[in-house]
$ cat start-v7.cif   # mmCIF, C-alpha atoms
data_input
#
loop_
_atom_site.label_atom_id
_atom_site.label_comp_id
_atom_site.auth_asym_id
_atom_site.auth_seq_id
_atom_site.Cartn_x
_atom_site.Cartn_y
_atom_site.Cartn_z
CA MET A 1 3.71 2.88 -15.14
CA ILE A 2 2.43 4.34 -18.37
CA GLN A 3 -0.50 6.13 -16.67
CA ASP A 4 1.70 7.71 -13.99
CA ILE A 5 1.99 11.11 -15.66
CA TYR A 6 1.43 13.54 -12.77
CA PRO A 7 1.21 16.55 -12.83
CA HIS A 8 -0.31 15.98 -16.29
CA LYS A 9 -3.93 14.88 -16.39
CA LEU A 10 -5.83 12.88 -18.99
CA LYS A 11 -9.38 14.18 -19.42
CA ASN A 12 -11.38 11.50 -21.20
CA THR A 13 -14.86 13.00 -20.84
CA PHE A 14 -16.70 13.10 -24.17
CA ILE A 15 -17.44 16.69 -25.24
CA PRO A 16 -20.34 16.83 -27.73
CA GLY A 17 -19.78 19.04 -30.75
CA LEU A 18 -16.19 20.01 -29.93
CA GLU A 19 -14.38 21.08 -33.09
CA ALA A 20 -10.65 21.27 -33.71
CA ASP A 21 -8.87 24.58 -34.02
CA ALA A 22 -5.36 25.51 -35.15
CA SER A 23 -3.84 24.61 -31.76
CA SER A 24 -5.41 21.14 -31.52
CA LEU A 25 -3.06 18.15 -31.52
CA VAL A 26 -3.69 15.59 -34.25
CA ILE A 27 -2.96 11.86 -34.02
CA HIS A 28 -3.11 9.69 -37.12
CA PHE A 29 -2.57 5.97 -37.69
CA ASN A 30 -1.95 4.70 -41.22
CA GLN A 31 -3.42 1.50 -42.62
CA ASP A 32 -0.54 -0.51 -41.12
CA GLY A 33 -1.30 0.83 -37.62
CA MET A 34 1.77 3.09 -37.52
CA ILE A 35 1.50 6.46 -35.79
CA LEU A 36 2.35 9.85 -37.31
CA VAL A 37 5.29 11.42 -35.45
CA LYS A 38 6.65 14.92 -35.87
CA SER A 39 9.71 15.04 -33.58
CA GLU A 40 11.20 13.49 -30.47
CA GLY A 41 10.30 16.13 -27.88
CA LYS A 42 6.85 17.09 -29.20
CA PRO A 43 5.73 14.12 -31.26
CA PHE A 44 2.22 15.09 -32.38
CA PRO A 45 1.63 17.91 -34.87
CA ARG A 46 -0.88 20.67 -34.32
CA LEU A 47 -3.59 21.20 -36.88
CA SER A 48 -1.92 24.44 -38.01
CA GLU A 49 1.14 22.42 -39.12
CA PHE A 50 -0.77 20.50 -41.79
CA GLY A 51 -0.56 22.04 -45.25
CA LYS A 52 -3.96 20.50 -45.94
CA ALA A 53 -6.25 19.88 -43.00
CA PRO A 54 -7.45 16.27 -42.65
CA ASP A 55 -10.99 15.80 -43.94
CA THR A 56 -12.25 13.97 -40.84
CA LEU A 57 -11.23 14.87 -37.28
CA THR A 58 -12.76 13.13 -34.27
CA TYR A 59 -12.30 14.42 -30.74
CA LEU A 60 -10.57 11.78 -28.58
CA PHE A 61 -9.64 13.34 -25.23
CA SER A 62 -7.66 16.19 -23.69
CA MET A 63 -4.31 16.26 -21.94
CA ASP A 64 -4.01 19.28 -19.67
CA GLU A 65 -5.04 22.17 -21.96
CA ASP A 66 -4.47 20.35 -25.24
CA ASN A 67 -7.45 18.94 -27.12
CA ILE A 68 -6.44 15.85 -29.08
CA PHE A 69 -8.19 14.73 -32.26
CA LEU A 70 -7.97 11.61 -34.40
CA ALA A 71 -7.48 12.10 -38.14
CA GLU A 72 -9.47 9.34 -39.83
CA ASP A 73 -8.68 10.43 -43.37
CA ASP A 74 -6.46 7.85 -45.13
CA SER A 75 -5.12 10.55 -47.46
CA VAL A 76 -3.58 12.70 -44.71
CA VAL A 77 -0.87 15.01 -46.05
CA MET A 78 2.00 14.65 -43.59
CA PRO A 79 3.52 17.80 -42.09
CA GLU A 80 7.06 18.48 -43.25
CA GLY A 81 9.66 16.45 -41.35
CA SER A 82 7.18 13.95 -39.91
CA THR A 83 7.19 10.18 -40.33
CA TYR A 84 5.31 7.07 -39.26
CA LYS A 85 6.51 4.81 -36.46
CA LYS A 86 5.38 1.44 -35.18
CA ILE A 87 3.90 1.77 -31.71
CA ARG A 88 6.77 -0.29 -30.25
CA GLU A 89 9.26 2.06 -31.90
CA PHE A 90 7.37 5.08 -30.59
CA ARG A 91 7.49 3.64 -27.07
CA LYS A 92 11.30 3.64 -27.26
CA MET A 93 11.63 7.20 -28.53
CA ASP A 94 12.77 10.12 -26.42
CA VAL A 95 9.28 11.51 -25.83
CA PRO A 96 7.44 12.50 -22.64
CA LYS A 97 5.69 9.65 -20.86
CA LYS A 98 2.39 11.47 -21.30
CA SER A 99 2.88 11.26 -25.07
CA VAL A 100 3.28 7.48 -24.87
CA PHE A 101 0.10 7.31 -22.78
CA GLU A 102 -1.69 9.51 -25.33
CA ALA A 103 -0.54 7.25 -28.18
CA PHE A 104 -1.61 4.02 -26.46
CA THR A 105 -5.02 5.44 -25.54
CA ALA A 106 -5.55 6.91 -29.01
CA LYS A 107 -4.63 3.57 -30.58
CA GLN A 108 -7.37 1.88 -28.56
CA LEU A 109 -10.00 4.36 -29.72
CA ASN A 110 -8.75 4.28 -33.31
CA ALA A 111 -9.11 0.49 -33.39
CA TRP A 112 -12.62 0.77 -31.94
CA TYR A 113 -13.72 3.23 -34.62
CA THR A 114 -12.05 1.23 -37.41
CA ASN A 115 -13.45 -2.14 -36.34
CA ASN A 116 -17.03 -0.94 -35.96
CA ARG A 117 -17.76 0.74 -39.26
CA TYR A 118 -20.53 -1.81 -39.75
CA CYS A 119 -23.09 -2.96 -37.23
CA GLY A 120 -22.33 -6.39 -35.79
CA ARG A 121 -26.07 -7.06 -35.36
CA CYS A 122 -27.54 -6.18 -38.76
CA GLY A 123 -24.54 -5.34 -40.97
CA SER A 124 -25.58 -1.76 -41.74
CA LEU A 125 -23.18 1.18 -41.83
CA THR A 126 -22.84 2.77 -38.40
CA GLY A 127 -22.76 6.39 -37.29
CA ARG A 128 -21.52 8.39 -34.31
CA SER A 129 -23.56 9.43 -31.31
CA THR A 130 -23.72 13.18 -30.73
CA VAL A 131 -24.37 12.90 -26.98
CA GLU A 132 -21.87 10.27 -25.78
CA ARG A 133 -18.81 8.33 -26.90
CA ALA A 134 -20.66 5.61 -28.77
CA ILE A 135 -21.11 4.16 -32.24
CA THR A 136 -24.73 3.77 -33.28
CA CYS A 137 -26.76 1.91 -35.87
CA ASP A 138 -29.78 3.88 -37.08
CA LYS A 139 -31.31 0.81 -38.69
CA CYS A 140 -31.56 -1.56 -35.70
CA GLY A 141 -30.75 0.74 -32.77
CA ASN A 142 -27.57 -1.09 -31.74
CA ILE A 143 -25.22 1.00 -29.56
CA ILE A 144 -21.53 0.09 -29.40
CA TYR A 145 -19.30 1.43 -26.63
CA PRO A 146 -15.48 1.30 -26.46
CA ARG A 147 -14.32 -2.17 -25.51
CA VAL A 148 -12.18 -2.71 -22.41
CA VAL A 149 -10.86 -6.26 -22.01
CA PRO A 150 -9.97 -7.56 -18.53
CA ALA A 151 -6.65 -9.39 -18.22
CA VAL A 152 -4.31 -10.44 -15.41
CA ILE A 153 -0.59 -10.19 -14.72
CA VAL A 154 0.51 -12.80 -12.17
CA ALA A 155 3.70 -12.90 -10.07
CA VAL A 156 4.14 -16.43 -8.68
CA ILE A 157 6.55 -16.62 -5.76
CA ASN A 158 8.20 -19.74 -4.38
CA ARG A 159 9.03 -18.93 -0.77
CA GLY A 160 12.39 -20.12 0.56
CA GLN A 161 13.48 -20.44 4.17
CA THR A 162 14.66 -16.81 3.97
CA ARG A 163 13.63 -13.94 1.68
CA ASP A 164 17.01 -14.19 -0.07
CA GLN A 165 16.03 -17.69 -1.17
CA ASP A 166 12.67 -16.67 -2.65
CA LYS A 167 12.16 -17.20 -6.38
CA ILE A 168 9.71 -15.88 -8.96
CA ILE A 169 8.55 -17.38 -12.25
CA LEU A 170 9.69 -15.31 -15.23
CA THR A 171 8.65 -16.04 -18.79
CA LYS A 172 9.31 -15.20 -22.40
CA TYR A 173 6.63 -15.55 -25.04
CA LYS A 174 7.07 -17.95 -27.92
CA GLY A 175 8.98 -16.27 -30.73
CA ARG A 176 10.67 -13.81 -28.36
CA ALA A 177 13.27 -16.04 -26.72
CA ASP A 178 16.05 -13.72 -27.94
CA VAL A 179 14.62 -10.72 -26.08
CA PRO A 180 16.99 -9.99 -23.16
CA TYR A 181 14.28 -9.26 -20.60
CA TYR A 182 11.44 -11.29 -19.13
CA ALA A 183 7.74 -11.01 -18.44
CA LEU A 184 5.28 -12.50 -15.94
CA ILE A 185 2.45 -14.94 -16.53
CA ALA A 186 -0.49 -13.17 -18.15
CA GLY A 187 -3.82 -13.88 -19.79
CA PHE A 188 -7.34 -12.74 -20.55
CA THR A 189 -10.33 -13.33 -18.31
CA GLU A 190 -12.85 -15.83 -19.66
CA ILE A 191 -16.64 -15.69 -19.40
CA GLY A 192 -17.86 -16.50 -15.89
CA GLU A 193 -14.47 -16.12 -14.20
CA THR A 194 -13.33 -13.90 -11.38
CA LEU A 195 -9.96 -12.25 -11.81
CA GLU A 196 -8.54 -14.51 -9.10
CA GLU A 197 -9.81 -17.58 -10.95
CA THR A 198 -8.22 -16.26 -14.14
CA SER A 199 -4.90 -15.91 -12.32
CA ALA A 200 -4.94 -19.49 -11.02
CA ARG A 201 -6.04 -20.89 -14.40
CA GLU A 202 -3.41 -19.01 -16.40
CA VAL A 203 -0.64 -20.16 -14.05
CA MET A 204 -1.82 -23.77 -14.37
CA GLU A 205 -2.17 -23.61 -18.14
CA GLU A 206 1.19 -21.96 -18.79
CA THR A 207 3.35 -23.66 -16.13
CA GLY A 208 1.40 -26.58 -14.63
CA LEU A 209 1.67 -25.09 -11.15
CA ARG A 210 -0.91 -24.54 -8.43
CA VAL A 211 -1.02 -21.29 -6.45
CA LYS A 212 -2.53 -19.92 -3.25
CA ASN A 213 -2.86 -16.61 -1.38
CA ILE A 214 -3.77 -14.71 -4.57
CA LYS A 215 -3.65 -11.01 -3.66
CA TYR A 216 -4.59 -8.00 -5.77
CA TYR A 217 -1.82 -5.44 -6.27
CA LYS A 218 -2.70 -2.76 -8.84
CA SER A 219 -4.35 -2.19 -12.24
CA GLN A 220 -3.26 -0.51 -15.46
CA PRO A 221 -4.91 0.57 -18.73
CA TRP A 222 -3.07 -0.84 -21.77
CA GLY A 223 -4.64 0.56 -24.91
CA VAL A 224 -2.61 -1.40 -27.46
CA ALA A 225 -4.62 -4.54 -26.68
CA ASP A 226 -7.77 -2.81 -25.33
CA ASP A 227 -6.82 -4.16 -21.89
CA ILE A 228 -7.36 -3.22 -18.32
CA LEU A 229 -4.53 -5.18 -16.73
CA THR A 230 -4.90 -6.37 -13.15
CA GLY A 231 -1.82 -7.42 -11.21
CA PHE A 232 -1.78 -10.18 -8.61
CA PHE A 233 0.91 -11.63 -6.36
CA CYS A 234 0.49 -15.24 -5.24
CA GLU A 235 2.46 -18.12 -3.74
CA LEU A 236 3.31 -21.59 -4.97
CA ASP A 237 1.05 -24.31 -3.61
CA GLY A 238 2.75 -27.70 -3.83
CA SER A 239 5.31 -28.96 -6.35
CA ASP A 240 7.63 -26.43 -7.99
CA LYS A 241 8.12 -28.51 -11.16
CA ILE A 242 7.31 -26.35 -14.19
CA VAL A 243 5.46 -27.93 -17.10
CA ARG A 244 5.76 -25.20 -19.73
CA ASP A 245 3.06 -24.61 -22.32
CA GLU A 246 5.25 -24.85 -25.41
CA GLN A 247 2.57 -23.31 -27.64
CA GLU A 248 2.51 -20.15 -25.52
CA LEU A 249 5.94 -19.75 -23.93
CA ALA A 250 9.55 -20.07 -25.03
CA VAL A 251 10.85 -19.76 -21.46
CA ALA A 252 9.38 -20.29 -17.98
CA GLU A 253 11.81 -20.55 -15.10
CA TRP A 254 12.35 -19.84 -11.41
CA VAL A 255 14.60 -16.83 -10.85
CA LYS A 256 16.15 -15.47 -7.62
CA ARG A 257 15.71 -11.82 -6.69
CA GLU A 258 19.24 -10.76 -7.66
CA ASP A 259 18.99 -12.48 -11.05
CA VAL A 260 15.81 -10.72 -12.23
CA VAL A 261 16.50 -8.77 -15.44
CA LEU A 262 14.10 -5.82 -15.62
CA GLN A 263 12.49 -4.40 -18.73
CA PRO A 264 14.14 -1.38 -20.42
CA ASP A 265 11.44 1.14 -19.49
CA GLN A 266 9.08 1.80 -16.60
CA PHE A 267 5.79 1.81 -18.51
CA SER A 268 4.39 -1.61 -17.63
CA LEU A 269 2.67 -3.10 -14.61
CA THR A 270 4.73 -6.24 -15.28
CA ASN A 271 8.00 -4.38 -14.82
CA GLU A 272 6.80 -2.65 -11.63
CA MET A 273 5.84 -5.99 -10.09
CA MET A 274 9.17 -7.55 -11.11
CA THR A 275 10.99 -4.57 -9.60
CA LEU A 276 9.15 -4.98 -6.29
CA PHE A 277 10.22 -8.61 -6.11
CA LYS A 278 13.82 -7.87 -7.09
CA GLU A 279 14.04 -5.26 -4.32
CA GLY A 280 12.28 -7.46 -1.75
CA LYS A 281 9.35 -5.06 -1.49
CA GLU A 282 6.49 -7.19 -2.84
CA PRO A 283 3.31 -7.43 -0.73
CA VAL A 284 3.32 -10.31 1.77
#

$ encode --input "start-v7.cif" --output "structure tokens"
Amino acid sequence: MIQDIYPHKLKNTFIPGLEADASSLVIHFNQDGMILVKSEGKPFPRLSEFGKAPDTLTYLFSMDEDNIFLAEDDSVVMPEGSTYKKIREFRKMDVPKKSVFEAFTAKQLNAWYTNNRYCGRCGSLTGRSTVERAITCDKCGNIIYPRVVPAVIVAVINRGQTRDQDKIILTKYKGRADVPYYALIAGFTEIGETLEETSAREVMEETGLRVKNIKYYKSQPWGVADDILTGFFCELDGSDKIVRDEQELAVAEWVKREDVVLQPDQFSLTNEMMTLFKEGKEPV
């Protein structure tokens, strides 16, 4: 998955007062949310590569010995040979997995900074805490921390008489029916719900099916949507007739193990769970 970057290590501890130097890596997103990319192998430029240093640099996190900063200046002068890529395009580039993880995590923090320039309580301009990773309002005392949104990924299995006859529900989101690979049922946790209750509700809403034996598998940070994704395997409980939510899904169907078409990369929790089922290695 995207966070499986060993032996590399993300260090996300906030370091008060840390300033960028010539060797610091710089990540910048333009107003369209596209990321500045230097090259395939080493995608993020160092500060020394900018002809004009960005006016505003904010420390994000470190990866191994590299300190990584966010350039928040909209008038960044791009280093020679660099370009901007959509995050989906960047994900498909020939870059180290750790760079994709850096980009996704930086995108989450960039969105947090961008979306909280004004206090949601009193409307005043906000500032930055000097002691922790937080946005503050000097007028009313409001403190805003980075948002992490809980969501679930659910693998629903219809058990046959033998494991070879087992099936899993695979889906495609509305508007993406032409994409050659599938996804699993997914959704955000609502107020007052447990993650298990979210799993059962999302399955019912998207497919009209009831499930049982909901078992936690693994979690994953997914910075593009501010998510912490939580994966669950469960089993069909009752009728296997799918009633697809046509507003949400273009496709929802039962698929045998050998017919599962995997996603083109190994970044997502969804793809790992689909792979386990395809290989007959899912938790029982």

$ resolve_selection --input "start-v7.cif" --expression "the PyMOL selection byres ((chain A and resi 94) around 6)" --output "compact mmCIF listing (two decimals) with C-alpha atoms, keeping the file's coordinate frame"
# COMPACT_ATOMS: atom_id res chain seq x y z
CA GLU A 40 11.20 13.49 -30.47
CA MET A 93 11.63 7.20 -28.53
CA VAL A 95 9.28 11.51 -25.83

$ atom_distance --input "start-v7.cif" --atom1 "CA of Gln263 in chain A" --atom2 "CA of Ile35 in chain A"
23.0 Å

$ closest_residue --input "start-v7.cif" --among "A:Val152, A:Met273, A:Leu236, A:Leu36" --to "Ser199 in chain A" --atoms "all atoms listed in the file"
A:Val152

$ residues_around --input "start-v7.cif" --residues "range 13-27 of chain A" --least-positions-apart "6" --cutoff "7 Å" --atoms "all atoms listed in the file" --output "VMD selection string"
chain A and resid 36 44 to 48 59 61 66 to 71 130 to 133

$ resolve_selection --input "start-v7.cif" --expression "the PyMOL selection byres ((chain A and resi 153-169) around 7)" --output "PDB file with C-alpha atoms, in the coordinates of the input"
ATOM      1  CA  VAL A 152      -4.310 -10.440 -15.410  1.00  0.00           C
ATOM      2  CA  LEU A 170       9.690 -15.310 -15.230  1.00  0.00           C
ATOM      3  CA  THR A 171       8.650 -16.040 -18.790  1.00  0.00           C
ATOM      4  CA  LEU A 184       5.280 -12.500 -15.940  1.00  0.00           C
ATOM      5  CA  ILE A 185       2.450 -14.940 -16.530  1.00  0.00           C
ATOM      6  CA  ALA A 186      -0.490 -13.170 -18.150  1.00  0.00           C
ATOM      7  CA  SER A 199      -4.900 -15.910 -12.320  1.00  0.00           C
ATOM      8  CA  LEU A 229      -4.530  -5.180 -16.730  1.00  0.00           C
ATOM      9  CA  THR A 230      -4.900  -6.370 -13.150  1.00  0.00           C
ATOM     10  CA  GLY A 231      -1.820  -7.420 -11.210  1.00  0.00           C
ATOM     11  CA  PHE A 232      -1.780 -10.180  -8.610  1.00  0.00           C
ATOM     12  CA  PHE A 233       0.910 -11.630  -6.360  1.00  0.00           C
ATOM     13  CA  CYS A 234       0.490 -15.240  -5.240  1.00  0.00           C
ATOM     14  CA  GLU A 235       2.460 -18.120  -3.740  1.00  0.00           C
ATOM     15  CA  LEU A 236       3.310 -21.590  -4.970  1.00  0.00           C
ATOM     16  CA  ALA A 252       9.380 -20.290 -17.980  1.00  0.00           C
ATOM     17  CA  GLU A 253      11.810 -20.550 -15.100  1.00  0.00           C
ATOM     18  CA  TRP A 254      12.350 -19.840 -11.410  1.00  0.00           C
ATOM     19  CA  VAL A 255      14.600 -16.830 -10.850  1.00  0.00           C
ATOM     20  CA  LYS A 256      16.150 -15.470  -7.620  1.00  0.00           C
ATOM     21  CA  ARG A 257      15.710 -11.820  -6.690  1.00  0.00           C
ATOM     22  CA  THR A 270       4.730  -6.240 -15.280  1.00  0.00           C
TER      23      THR A 270
END

$ residues_around --input "start-v7.cif" --residues "Thr126 in chain A" --least-positions-apart "4" --cutoff "6 Å" --atoms "all atoms listed in the file" --output "list in words"
Arg117, Tyr118, Cys119, Thr136 and Cys137 of chain A

$ resolve_selection --input "start-v7.cif" --expression "the PyMOL selection byres ((chain A and resi 245) around 7)" --output "PyMOL selection string"
chain A and resi 205-207+243-244+246-249

$ write_last_selection --input "start-v7.cif" --atoms "C-alpha atoms" --output "compact mmCIF listing (two decimals), in the frame of the given file"
# COMPACT_ATOMS: atom_id res chain seq x y z
CA GLU A 205 -2.17 -23.61 -18.14
CA GLU A 206 1.19 -21.96 -18.79
CA THR A 207 3.35 -23.66 -16.13
CA VAL A 243 5.46 -27.93 -17.10
CA ARG A 244 5.76 -25.20 -19.73
CA GLU A 246 5.25 -24.85 -25.41
CA GLN A 247 2.57 -23.31 -27.64
CA GLU A 248 2.51 -20.15 -25.52
CA LEU A 249 5.94 -19.75 -23.93

$ closest_residue --input "start-v7.cif" --among "A:Val261, A:Met274, A:Ile135, A:Ala103" --to "Arg91 in chain A" --atoms "all atoms listed in the file"
A:Ala103

$ closest_residue --input "start-v7.cif" --among "A:Asn12, A:Thr83, A:Ser219, A:Thr194" --to "Met34 in chain A" --atoms "all atoms listed in the file"
A:Thr83

$ closest_residue --input "start-v7.cif" --among "A:Asp64, A:Glu89, A:Glu272, A:Glu49" --to "Lys11 in chain A" --atoms "all atoms listed in the file"
A:Asp64

$ closest_residue --input "start-v7.cif" --among "A:Gly187, A:Pro43, A:Pro79, A:Gly223" --to "Trp112 in chain A" --atoms "all atoms listed in the file"
A:Gly223

$ atom_distance --input "start-v7.cif" --atom1 "CA of Glu197 in chain A" --atom2 "CA of Gly238 in chain A"
17.6 Å

$ closest_residue --input "start-v7.cif" --among "A:Thr198, A:Gln3, A:Ser62, A:Ser82" --to "Lys38 in chain A" --atoms "only C-alpha atoms"
A:Ser82

$ residues_around --input "start-v7.cif" --residues "Ala134 in chain A" --least-positions-apart "3" --cutoff "6 Å" --atoms "all atoms listed in the file" --output "VMD selection string"
chain A and resid 129 144 to 145

$ atom_distance --input "start-v7.cif" --atom1 "CA of Thr275 in chain A" --atom2 "CA of Leu10 in chain A"
26.0 Å

$ axis_aligned_box --input "start-v7.cif" --around "range 81-98 of chain A" --padding-each-side "5 Å" --output "JSON"
{"center_x": 7.6, "center_y": 8.1, "center_z": -31.1, "size_x": 20.4, "size_y": 26.7, "size_z": 30.5}

$ residues_around --input "start-v7.cif" --residues "Thr105 in chain A" --least-positions-apart "6" --cutoff "9 Å" --atoms "only C-alpha atoms" --output "VMD selection string"
chain A and resid 60 221 to 224 226
